[in-house]
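Trainee: Mind looking over this structure? Questions follow.
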Protein chains: 2
Amino acid sequence: MWLNGTSDLIENLKKKGAKRVALQFPEGLKRQSAAIAASLKDAGFEVILSGDPCYGACDLALDTLTYADVLVHFGHAPVDDQPKVIFEPYRMDFEIAVLENALPFLKEDTVGLVTTVQHVHLIPAMELFLQSKGISCSIAEGGRRTPIRGQVLGCSFTAAKASGADEILFVGTGLFHPIGIALATHARVIALDPLTGSAQEVSGDALMRRRFAVMEKARGAKSIGIIVSTKSGQQRMDLARRLASLSPTAVIVFMREVNPDELLNLGFACYVNTACSRLAYDDQVRFPVPVLSPQEFEILCGVRSWDAYTIDEIA
Amino acid sequence: MWLNGTSDLIENLKKKGAKRVALQFPEGLKRQSAAIAASLKDAGFEVILSGDPCYGACDLALDTLTYADVLVHFGHAPVDDQPKVIFEPYRMDFEIAVLENALPFLKEDTVGLVTTVQHVHLIPAMELFLQSKGISCSIAEGGRRTPIRGQVLGCSFTAAKASGADEILFVGTGLFHPIGIALATHARVIALDPLTGSAQEVSGDALMRRRFAVMEKARGAKSIGIIVSTKSGQQRMDLARRLASLSPTAVIVFMREVNPDELLNLGFACYVNTACSRLAYDDQVRFPVPVLSPQEFEILCGVRSWDAYTIDEIA
């Protein structure tokens, strides 16, 4: 994909005067890394490739900057201000006409339109298509972590909330984002997978039932680990300190990859996750003990009411 | 183990004026972490626990020092100078008389005596025992990474080499250390496991045969990843740069945990390991492609002779 286009990148790097270049790819694109690295090395750059797992722009390999003038991060838009990082988002095209499949589900004249970073360049074309079908779009400017118009992240639904719409069309893969949008906005949410063409109405009810069961299991846990991520865009130490102050048996646990083996080794009876907010919601089945969101822990500690349950977003 | 003894640690921390304390435990001791953390929190300290995997003092959770005045590292002696780290080695006792089992294997009047950090406090008692049997001991002062007399690491056999002995007695668990000593010293090596009592003569021949097979598989690899560790005591960037200059298809890969999944995702045909030197020797069966030591790669590149094959140590 970029192999055809490294000439632009090389031009850009030369303009910046970079000589030592670090490269970082998310898991799904890592297979391109050896060839791209070799092509930059061939162009005269000293190249360092980050080999750690990477799932987003919240997870920048800033440690490479000890040895590199600039870090090129592939696949994501920035979630924070990073002067020494060049972002090369991954653009994934699809046939706009696939939106046809969502039309039978839409009830309102105006829908909020949101998508993920790999499709966000198609927002204008999607808007035109829906307008041609008599549906107007409310598309919000991005938030701090989502710099592009109409963009949402699994930890930031700002563009969905700010659309102000009662009905939201999410175009993208998977159900985590639209479920999060439903819980964050209380709007009616339609999800369209542009690659398979399948459309459906999405509700947060099933997730809520699962989460309440996890909370019941966590009640009365004798030891609590408050997980703080060491990753650049997931580090919420202030929140973690506040949560740790809610229980004498709560201890802050600082870690990079939150995985089942490490949680088992540490041996806490329950964890509260302030790292990537998807971990608690998506990966609970993989974990040996309950992993709560910050809001769920607050409810169990009696400092938040059940009515104020909300999905965790990183501000 | 330390739970009975946290009073000494608390005293020490108070003397240093530490208020915010980070704790780090290796995998085998992590289960004690929740209780020790709670006991320090109870004593009035703000506590942060490192939750990342840890296999040695080469792998210090220095990132915790962003939020802590001091890092207490349990289980290992220092491998480098770390002013803000307190080391709490783990002492594992055994019956000195178990050395009786090694006597039938010893042929010389003088043996080099070495052990690992958890038993190194027993070096004087072991020396006395062997003297009482008419065997004198050559016990070398430690090297830079092995500060204690008679101590060896899996990546540093300085105390074995400096003993100058033709016969070396290694007291400890597992065969990696004594095999490494055999390859590093060319001495006759006897290994005694003080917990099971089993003694044996150890040779590096089988490891060498396996390594030669791995080298043959790596010959002609089309892409080469030169692994550099991000860990404090394993980072050999200068070595990696020199190795990367030996082949146009070699790219430096900077990573924290060297695991099979990441090596597969990155997709190089072969790797050269400058991180923990045991990884190539011990874990090759877990890796999807050949992982060479620096010296093995040099031999394949024609800049080192086969006769100069040696085991990789971190200087």
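We name chains A, B, ... following the order of the structure tokens; residues begin at 1 in each chain, and ligands are numbered from 1 as shown.
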Least-squares superposition of chain B on chain A, all Cα atoms, in-order pairing: what RMSD comes out, in Å?

Mentor: 0.0 Å

Trainee: Which neighbours of segment 55-69 of chain B fall inside 10 Å, counting only C-alpha atoms, when residues of the same chain fewer than 6 positions from it are skipped, and could you give them as a ChimeraX atom specification?

Mentor: /A:230,237,253-255 /B:13,16-28,46-49,75-80,82,84-85,87,89,145,153,229-235,256,275-276

Trainee: Could you tell me how far atom CA of Ala308 of chain B sits from atom CA of Gln295 of chain B, in Å to one decimal place?

Mentor: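 These two atoms are separated by 8.5 Å.
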
Trainee: Any idea what's packed within 6 Å of segment 170-173 of chain B, counting only C-alpha atoms, ignoring anything in its chain fewer than 2 positions away? Could you give it as a compact mmCIF listing (two decimals) with N, CA and C atoms, in the first residue's frame?

Mentor:
```txt
# COMPACT_ATOMS: atom_id res chain seq x y z
N VAL B 114 31.04 -21.11 41.45
CA VAL B 114 30.12 -20.03 41.06
C VAL B 114 28.68 -20.44 41.34
N THR B 115 27.80 -19.42 41.46
CA THR B 115 26.39 -19.70 41.72
C THR B 115 25.56 -18.49 41.24
N ALA B 191 27.70 -29.37 37.30
CA ALA B 191 26.53 -28.62 37.76
C ALA B 191 25.87 -29.39 38.90
N LEU B 192 25.60 -28.66 39.98
CA LEU B 192 24.88 -29.27 41.10
C LEU B 192 23.61 -28.47 41.34
N ASP B 193 22.47 -29.14 41.26
CA ASP B 193 21.20 -28.49 41.61
C ASP B 193 21.00 -28.66 43.11
```

Trainee: Pick from A:Thr6, A:Ser132, A:Ser277, A:Ser223: nearest to chain B, with only C-alpha atoms counted?

Mentor: A:Ser223

Trainee: Compare B:Glu167, B:Asp42, B:Glu88, B:Asp312 by their minimum atom-to-atom distance to chain A, counting only C-alpha atoms, and give me the closest one.

Mentor: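 So, comparing all the options, the nearest one is B:Asp42.
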
Trainee: Please identify all polymer residues within 8 Å of segment 94-104 of chain B, counting only C-alpha atoms, omitting same-chain residues fewer than 2 positions from it, and present them as an NGL selection string.

Mentor: :B and (92 or 106-107 or 125-126 or 129-130 or 190-192 or 194-195 or 197-200)

Trainee: Could you tell me which of B:Ala34, B:Ala187, B:Val70, B:Val289 comes closest to Gly51 of chain B if we count only C-alpha atoms?

Mentor: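 Going through B:Ala34, B:Ala187, B:Val70, B:Val289 one by one, the smallest distance to Gly51 of chain B is for B:Ala34.
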
Trainee: Considering only C-alpha atoms, can you say which of A:Ile179, A:Val251, A:Ala160, A:Ile168 comes closest to Ala269 of chain A?

Mentor: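 With only C-alpha atoms as the atom set, the closest residue is A:Val251.
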
Trainee: Which residue, B:Asp261, B:Glu11, B:Glu298, B:Asp307, has the smallest gap to chain A when you use only C-alpha atoms?

Mentor: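 Smallest distance to chain A is found for B:Asp261.
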
Trainee: As an exercise, work out the distance from atom CA of Pro294 of chain A to atom CA of Asn259 of chain A in Å and give it to one decimal place.

Mentor: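 Computing the Euclidean distance for atom CA of Pro294 of chain A and atom CA of Asn259 of chain A yields 18.2 Å.
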
Trainee: DSSP on the backbone: which residues in segment 218-257 of chain A end up as alpha helix (DSSP H)? Give the answer as a PDB file with N, CA, C and O atoms, in the first residue's frame.

Mentor:
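So the final result, stored in selection.pdb, reads:
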```
ATOM      1  N   ALA A 218     -17.381  -8.749  41.243  1.00  0.00           N
ATOM      2  CA  ALA A 218     -16.275  -7.978  41.824  1.00  0.00           C
ATOM      3  C   ALA A 218     -16.599  -7.494  43.237  1.00  0.00           C
ATOM      4  O   ALA A 218     -15.703  -7.157  44.009  1.00  0.00           O
ATOM      5  N   MET A 237      -3.056   8.759  35.195  1.00  0.00           N
ATOM      6  CA  MET A 237      -2.588   8.576  36.564  1.00  0.00           C
ATOM      7  C   MET A 237      -3.458   9.345  37.567  1.00  0.00           C
ATOM      8  O   MET A 237      -3.707   8.852  38.668  1.00  0.00           O
ATOM      9  N   ASP A 238      -3.922  10.544  37.195  1.00  0.00           N
ATOM     10  CA  ASP A 238      -4.746  11.314  38.133  1.00  0.00           C
ATOM     11  C   ASP A 238      -6.033  10.567  38.459  1.00  0.00           C
ATOM     12  O   ASP A 238      -6.434  10.470  39.626  1.00  0.00           O
ATOM     13  N   LEU A 239      -6.676  10.048  37.428  1.00  0.00           N
ATOM     14  CA  LEU A 239      -7.883   9.238  37.637  1.00  0.00           C
ATOM     15  C   LEU A 239      -7.559   8.036  38.525  1.00  0.00           C
ATOM     16  O   LEU A 239      -8.281   7.728  39.480  1.00  0.00           O
ATOM     17  N   ALA A 240      -6.443   7.356  38.237  1.00  0.00           N
ATOM     18  CA  ALA A 240      -6.079   6.157  38.998  1.00  0.00           C
ATOM     19  C   ALA A 240      -5.849   6.494  40.473  1.00  0.00           C
ATOM     20  O   ALA A 240      -6.267   5.751  41.367  1.00  0.00           O
ATOM     21  N   ARG A 241      -5.188   7.628  40.737  1.00  0.00           N
ATOM     22  CA  ARG A 241      -4.934   8.031  42.128  1.00  0.00           C
ATOM     23  C   ARG A 241      -6.248   8.259  42.856  1.00  0.00           C
ATOM     24  O   ARG A 241      -6.410   7.872  44.011  1.00  0.00           O
ATOM     25  N   ARG A 242      -7.188   8.914  42.159  1.00  0.00           N
ATOM     26  CA  ARG A 242      -8.483   9.181  42.787  1.00  0.00           C
ATOM     27  C   ARG A 242      -9.191   7.858  43.086  1.00  0.00           C
ATOM     28  O   ARG A 242      -9.737   7.655  44.172  1.00  0.00           O
ATOM     29  N   LEU A 243      -9.151   6.924  42.143  1.00  0.00           N
ATOM     30  CA  LEU A 243      -9.807   5.620  42.348  1.00  0.00           C
ATOM     31  C   LEU A 243      -9.121   4.847  43.482  1.00  0.00           C
ATOM     32  O   LEU A 243      -9.787   4.220  44.309  1.00  0.00           O
ATOM     33  N   ALA A 244      -7.773   4.911  43.530  1.00  0.00           N
ATOM     34  CA  ALA A 244      -7.041   4.174  44.572  1.00  0.00           C
ATOM     35  C   ALA A 244      -7.379   4.690  45.963  1.00  0.00           C
ATOM     36  O   ALA A 244      -7.326   3.948  46.942  1.00  0.00           O
TER      37      ALA A 244
END
```

Trainee: Counting only C-alpha atoms, which residue out of A:Phe268, A:Trp306, A:Tyr90, A:Phe287 sits closest to chain B?

Mentor: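 Closest to chain B, using only C-alpha atoms: A:Phe268.
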